[in-house]
>>> print(open('input14.txt').read())   # compact mmCIF, N, CA and C atoms
# COMPACT_ATOMS: atom_id res chain seq x y z
N MET A 6 73.66 101.46 69.49
CA MET A 6 72.32 101.09 69.09
C MET A 6 72.39 100.39 67.75
N THR A 7 71.68 99.29 67.65
CA THR A 7 71.65 98.51 66.43
C THR A 7 70.70 99.16 65.43
N LYS A 8 71.14 99.22 64.18
CA LYS A 8 70.28 99.73 63.12
C LYS A 8 69.69 98.55 62.38
N TYR A 9 68.41 98.60 62.12
CA TYR A 9 67.72 97.54 61.43
C TYR A 9 67.31 98.02 60.05
N SER A 10 67.38 97.13 59.08
CA SER A 10 66.99 97.48 57.72
C SER A 10 65.48 97.63 57.62
N LEU A 11 65.05 98.32 56.60
CA LEU A 11 63.63 98.50 56.34
C LEU A 11 62.96 97.13 56.17
N GLU A 12 63.63 96.24 55.47
CA GLU A 12 63.08 94.89 55.25
C GLU A 12 62.87 94.16 56.58
N THR A 13 63.84 94.23 57.47
CA THR A 13 63.73 93.58 58.77
C THR A 13 62.56 94.15 59.57
N LYS A 14 62.45 95.47 59.58
CA LYS A 14 61.36 96.12 60.31
C LYS A 14 60.00 95.67 59.78
N LEU A 15 59.85 95.72 58.46
CA LEU A 15 58.57 95.36 57.87
C LEU A 15 58.23 93.89 58.07
N MET A 16 59.21 93.02 57.93
CA MET A 16 58.96 91.59 58.14
C MET A 16 58.52 91.32 59.57
N ALA A 17 59.19 91.93 60.53
CA ALA A 17 58.85 91.72 61.94
C ALA A 17 57.47 92.29 62.26
N VAL A 18 57.18 93.48 61.80
CA VAL A 18 55.89 94.12 62.06
C VAL A 18 54.76 93.29 61.44
N HIS A 19 54.92 92.91 60.18
CA HIS A 19 53.88 92.13 59.52
C HIS A 19 53.71 90.77 60.17
N ALA A 20 54.80 90.16 60.59
CA ALA A 20 54.71 88.86 61.27
C ALA A 20 53.91 89.00 62.55
N TYR A 21 54.14 90.05 63.30
CA TYR A 21 53.39 90.26 64.55
C TYR A 21 51.92 90.53 64.26
N LEU A 22 51.65 91.45 63.33
CA LEU A 22 50.28 91.84 63.05
C LEU A 22 49.46 90.72 62.42
N ASN A 23 50.10 89.87 61.63
CA ASN A 23 49.39 88.79 60.94
C ASN A 23 49.40 87.47 61.69
N GLY A 24 50.15 87.41 62.77
CA GLY A 24 50.30 86.15 63.47
C GLY A 24 49.57 86.11 64.80
N THR A 25 49.84 85.02 65.50
CA THR A 25 49.22 84.83 66.82
C THR A 25 50.28 84.80 67.91
N GLU A 26 51.51 85.18 67.56
CA GLU A 26 52.60 85.16 68.52
C GLU A 26 52.66 86.46 69.31
N SER A 27 53.28 86.38 70.45
CA SER A 27 53.49 87.57 71.29
C SER A 27 54.60 88.43 70.71
N PHE A 28 54.74 89.63 71.26
CA PHE A 28 55.85 90.49 70.87
C PHE A 28 57.18 89.77 71.09
N LYS A 29 57.28 89.13 72.25
CA LYS A 29 58.54 88.47 72.61
C LYS A 29 58.91 87.38 71.61
N MET A 30 57.97 86.53 71.25
CA MET A 30 58.24 85.45 70.31
C MET A 30 58.57 85.98 68.92
N THR A 31 57.84 86.98 68.48
CA THR A 31 58.08 87.57 67.16
C THR A 31 59.46 88.22 67.13
N ALA A 32 59.81 88.95 68.18
CA ALA A 32 61.11 89.61 68.25
C ALA A 32 62.24 88.59 68.22
N GLN A 33 62.09 87.52 68.97
CA GLN A 33 63.12 86.48 68.98
C GLN A 33 63.26 85.83 67.62
N ARG A 34 62.14 85.56 66.97
CA ARG A 34 62.17 84.89 65.68
C ARG A 34 62.85 85.76 64.61
N HIS A 35 62.72 87.07 64.73
CA HIS A 35 63.31 87.99 63.75
C HIS A 35 64.61 88.62 64.24
N ASN A 36 65.04 88.20 65.42
CA ASN A 36 66.31 88.66 65.98
C ASN A 36 66.36 90.19 66.13
N VAL A 37 65.27 90.73 66.70
CA VAL A 37 65.20 92.17 66.95
C VAL A 37 64.84 92.40 68.42
N ASN A 38 65.07 93.60 68.89
CA ASN A 38 64.74 93.97 70.25
C ASN A 38 63.23 94.08 70.40
N MET A 39 62.67 93.49 71.46
CA MET A 39 61.23 93.49 71.67
C MET A 39 60.66 94.90 71.82
N THR A 40 61.37 95.76 72.54
CA THR A 40 60.90 97.14 72.73
C THR A 40 60.84 97.87 71.39
N MET A 41 61.85 97.64 70.55
CA MET A 41 61.86 98.27 69.23
C MET A 41 60.68 97.77 68.41
N LEU A 42 60.43 96.48 68.46
CA LEU A 42 59.30 95.91 67.71
C LEU A 42 58.00 96.56 68.13
N LYS A 43 57.80 96.76 69.42
CA LYS A 43 56.58 97.42 69.92
C LYS A 43 56.46 98.82 69.34
N LYS A 44 57.57 99.55 69.33
CA LYS A 44 57.55 100.92 68.79
C LYS A 44 57.25 100.91 67.29
N TRP A 45 57.84 99.95 66.58
CA TRP A 45 57.59 99.85 65.14
C TRP A 45 56.13 99.56 64.85
N VAL A 46 55.52 98.69 65.63
CA VAL A 46 54.11 98.33 65.42
C VAL A 46 53.23 99.56 65.65
N VAL A 47 53.50 100.30 66.70
CA VAL A 47 52.72 101.52 66.98
C VAL A 47 52.86 102.51 65.83
N LYS A 48 54.10 102.74 65.39
CA LYS A 48 54.34 103.67 64.29
C LYS A 48 53.67 103.20 63.00
N PHE A 49 53.76 101.89 62.74
CA PHE A 49 53.18 101.35 61.51
C PHE A 49 51.66 101.49 61.53
N ARG A 50 51.05 101.23 62.67
CA ARG A 50 49.58 101.36 62.77
C ARG A 50 49.15 102.80 62.56
N LYS A 51 49.96 103.74 63.00
CA LYS A 51 49.61 105.15 62.90
C LYS A 51 49.91 105.74 61.52
N HIS A 52 51.08 105.36 60.94
CA HIS A 52 51.53 106.01 59.71
C HIS A 52 51.69 105.09 58.51
N GLY A 53 51.53 103.79 58.69
CA GLY A 53 51.74 102.86 57.60
C GLY A 53 53.20 102.80 57.20
N LEU A 54 53.46 102.52 55.95
CA LEU A 54 54.83 102.39 55.45
C LEU A 54 55.64 103.67 55.65
N ALA A 55 54.99 104.80 55.62
CA ALA A 55 55.68 106.08 55.78
C ALA A 55 56.39 106.19 57.13
N ALA A 56 56.00 105.39 58.09
CA ALA A 56 56.62 105.43 59.42
C ALA A 56 58.10 105.09 59.37
N PHE A 57 58.51 104.33 58.36
CA PHE A 57 59.89 103.86 58.29
C PHE A 57 60.72 104.57 57.23
N GLN A 58 60.15 105.54 56.58
CA GLN A 58 60.89 106.27 55.56
C GLN A 58 61.62 107.44 56.21
N THR A 59 62.86 107.61 55.86
CA THR A 59 63.67 108.69 56.42
C THR A 59 63.16 110.03 55.92
N THR A 60 62.99 110.94 56.85
CA THR A 60 62.54 112.28 56.47
C THR A 60 63.47 113.32 57.09
N TYR A 61 63.43 114.47 56.53
CA TYR A 61 64.21 115.58 57.05
C TYR A 61 63.28 116.72 57.44
N THR A 62 62.07 116.36 57.82
CA THR A 62 61.04 117.34 58.14
C THR A 62 61.46 118.26 59.28
N ASN A 63 62.00 117.70 60.34
CA ASN A 63 62.39 118.53 61.48
C ASN A 63 63.44 119.54 61.07
N TYR A 64 64.39 119.14 60.25
CA TYR A 64 65.41 120.06 59.79
C TYR A 64 64.79 121.14 58.92
N TYR A 65 63.87 120.77 58.04
CA TYR A 65 63.21 121.72 57.17
C TYR A 65 62.41 122.74 57.97
N ILE A 66 61.66 122.26 58.95
CA ILE A 66 60.86 123.17 59.79
C ILE A 66 61.77 124.14 60.53
N TYR A 67 62.87 123.63 61.09
CA TYR A 67 63.81 124.48 61.81
C TYR A 67 64.36 125.56 60.89
N CYS A 68 64.79 125.19 59.70
CA CYS A 68 65.36 126.16 58.76
C CYS A 68 64.33 127.18 58.32
N THR A 69 63.11 126.75 58.08
CA THR A 69 62.05 127.66 57.66
C THR A 69 61.74 128.66 58.76
N GLU A 70 61.62 128.18 60.00
CA GLU A 70 61.33 129.08 61.12
C GLU A 70 62.47 130.06 61.34
N LYS A 71 63.69 129.58 61.25
CA LYS A 71 64.85 130.44 61.43
C LYS A 71 64.90 131.51 60.35
N LYS A 72 64.62 131.13 59.11
CA LYS A 72 64.61 132.07 57.99
C LYS A 72 63.55 133.14 58.21
N GLU A 73 62.35 132.74 58.69
CA GLU A 73 61.28 133.70 58.94
C GLU A 73 61.65 134.68 60.05
N LYS A 74 62.29 134.19 61.11
CA LYS A 74 62.70 135.06 62.20
C LYS A 74 63.72 136.10 61.73
N ILE A 75 64.66 135.66 60.95
CA ILE A 75 65.67 136.58 60.42
C ILE A 75 65.03 137.59 59.51
N SER A 76 64.11 137.13 58.67
CA SER A 76 63.40 138.03 57.77
C SER A 76 62.63 139.08 58.54
N ASN A 77 61.97 138.68 59.63
CA ASN A 77 61.22 139.63 60.44
C ASN A 77 62.11 140.62 61.16
N LEU A 78 63.31 140.22 61.55
CA LEU A 78 64.24 141.12 62.21
C LEU A 78 64.76 142.19 61.24
N ILE A 79 64.93 141.81 60.00
CA ILE A 79 65.47 142.74 59.00
C ILE A 79 64.45 143.80 58.66
N LYS A 80 63.17 143.47 58.69
CA LYS A 80 62.11 144.42 58.30
C LYS A 80 62.00 145.56 59.23
>>> encode(input="input14.txt", output="structure tokens")
Amino acid sequence: MTKYSLETKLMAVHAYLNGTESFKMTAQRHNVNMTMLKKWVVKFRKHGLAAFQTTYTNYYIYCTEKKEKISNLIK
């Protein structure tokens, strides 16, 4: 799987949202996968710039839940 930089993602998303081109044309112009561009646009519309920032939320939630379960077993 190809990894795209934050700059590439944002440029492609903004080009699509601000332009009159189709997903296909925008993806070709920015040399990205059309399906990925569609996903990025959906994420960007829902979360804004935060959609592309790396988070460790799932790991944090897992560790917190695991810690609580262990704590409850000890009591």
>>> atom_distance(input="input14.txt", atom1="atom C of Thr7 in chain A", atom2="atom N of Glu26 in chain A")
23.8 Å
>>> atom_distance(input="input14.txt", atom1="atom N of Lys8 in chain A", atom2="atom C of Thr25 in chain A")
25.6 Å
>>> residues_around(input="input14.txt", residues="Ala17 in chain A", least_positions_apart="3", cutoff="8 Å", atoms="only C-alpha atoms", output="list in words")
Thr13, Lys14, Ala20, Tyr21, Thr31, Ala32, His35 and Leu42 of chain A
>>> write_last_selection(input="input14.txt", atoms="N, CA and C atoms", output="mmCIF file, in the coordinates of the input")
data_model
loop_
_atom_site.group_PDB
_atom_site.id
_atom_site.type_symbol
_atom_site.label_atom_id
_atom_site.label_comp_id
_atom_site.auth_asym_id
_atom_site.auth_seq_id
_atom_site.Cartn_x
_atom_site.Cartn_y
_atom_site.Cartn_z
ATOM 1 N N THR A 13 63.840 94.230 57.470
ATOM 2 C CA THR A 13 63.730 93.580 58.770
ATOM 3 C C THR A 13 62.560 94.150 59.570
ATOM 4 N N LYS A 14 62.450 95.470 59.580
ATOM 5 C CA LYS A 14 61.360 96.120 60.310
ATOM 6 C C LYS A 14 60.000 95.670 59.780
ATOM 7 N N ALA A 20 54.800 90.160 60.590
ATOM 8 C CA ALA A 20 54.710 88.860 61.270
ATOM 9 C C ALA A 20 53.910 89.000 62.550
ATOM 10 N N TYR A 21 54.140 90.050 63.300
ATOM 11 C CA TYR A 21 53.390 90.260 64.550
ATOM 12 C C TYR A 21 51.920 90.530 64.260
ATOM 13 N N THR A 31 57.840 86.980 68.480
ATOM 14 C CA THR A 31 58.080 87.570 67.160
ATOM 15 C C THR A 31 59.460 88.220 67.130
ATOM 16 N N ALA A 32 59.810 88.950 68.180
ATOM 17 C CA ALA A 32 61.110 89.610 68.250
ATOM 18 C C ALA A 32 62.240 88.590 68.220
ATOM 19 N N HIS A 35 62.720 87.070 64.730
ATOM 20 C CA HIS A 35 63.310 87.990 63.750
ATOM 21 C C HIS A 35 64.610 88.620 64.240
ATOM 22 N N LEU A 42 60.430 96.480 68.460
ATOM 23 C CA LEU A 42 59.300 95.910 67.710
ATOM 24 C C LEU A 42 58.000 96.560 68.130
#
>>> axis_aligned_box(input="input14.txt", around="range 25-28 of chain A", padding_each_side="6 Å", output="JSON")
{"center_x": 53.2, "center_y": 87.6, "center_z": 68.4, "size_x": 20.0, "size_y": 17.7, "size_z": 17.8}
>>> atom_distance(input="input14.txt", atom1="CA of Val46 in chain A", atom2="atom C of Lys29 in chain A")
13.5 Å
>>> closest_residue(input="input14.txt", among="A:Thr40, A:Ser27, A:Gln33, A:Val18", to="Ala56 in chain A", atoms="only C-alpha atoms")
A:Val18
>>> decode(input="input14.txt", residues="range 40-51 of chain A", atoms="N, CA and C atoms", output="mmCIF file, in the first residue's frame")
data_model
loop_
_atom_site.group_PDB
_atom_site.id
_atom_site.type_symbol
_atom_site.label_atom_id
_atom_site.label_comp_id
_atom_site.auth_asym_id
_atom_site.auth_seq_id
_atom_site.Cartn_x
_atom_site.Cartn_y
_atom_site.Cartn_z
ATOM 1 N N THR A 40 -9.956 5.864 -5.180
ATOM 2 C CA THR A 40 -10.688 5.376 -4.005
ATOM 3 C C THR A 40 -10.173 6.038 -2.735
ATOM 4 N N MET A 41 -8.851 6.186 -2.649
ATOM 5 C CA MET A 41 -8.269 6.849 -1.482
ATOM 6 C C MET A 41 -8.722 8.298 -1.418
ATOM 7 N N LEU A 42 -8.726 8.968 -2.550
ATOM 8 C CA LEU A 42 -9.167 10.367 -2.582
ATOM 9 C C LEU A 42 -10.597 10.489 -2.075
ATOM 10 N N LYS A 43 -11.469 9.585 -2.481
ATOM 11 C CA LYS A 43 -12.861 9.611 -2.014
ATOM 12 C C LYS A 43 -12.921 9.470 -0.495
ATOM 13 N N LYS A 44 -12.127 8.548 0.036
ATOM 14 C CA LYS A 44 -12.097 8.342 1.492
ATOM 15 C C LYS A 44 -11.570 9.576 2.209
ATOM 16 N N TRP A 45 -10.531 10.186 1.644
ATOM 17 C CA TRP A 45 -9.967 11.393 2.252
ATOM 18 C C TRP A 45 -10.974 12.521 2.283
ATOM 19 N N VAL A 46 -11.733 12.685 1.210
ATOM 20 C CA VAL A 46 -12.730 13.757 1.140
ATOM 21 C C VAL A 46 -13.806 13.538 2.199
ATOM 22 N N VAL A 47 -14.268 12.310 2.339
ATOM 23 C CA VAL A 47 -15.284 12.001 3.356
ATOM 24 C C VAL A 47 -14.742 12.303 4.750
ATOM 25 N N LYS A 48 -13.525 11.840 5.026
ATOM 26 C CA LYS A 48 -12.914 12.082 6.334
ATOM 27 C C LYS A 48 -12.715 13.570 6.589
ATOM 28 N N PHE A 49 -12.265 14.291 5.554
ATOM 29 C CA PHE A 49 -12.013 15.720 5.708
ATOM 30 C C PHE A 49 -13.308 16.474 5.974
ATOM 31 N N ARG A 50 -14.366 16.116 5.277
ATOM 32 C CA ARG A 50 -15.663 16.776 5.493
ATOM 33 C C ARG A 50 -16.173 16.532 6.906
ATOM 34 N N LYS A 51 -15.903 15.357 7.439
ATOM 35 C CA LYS A 51 -16.398 15.000 8.768
ATOM 36 C C LYS A 51 -15.526 15.561 9.893
#
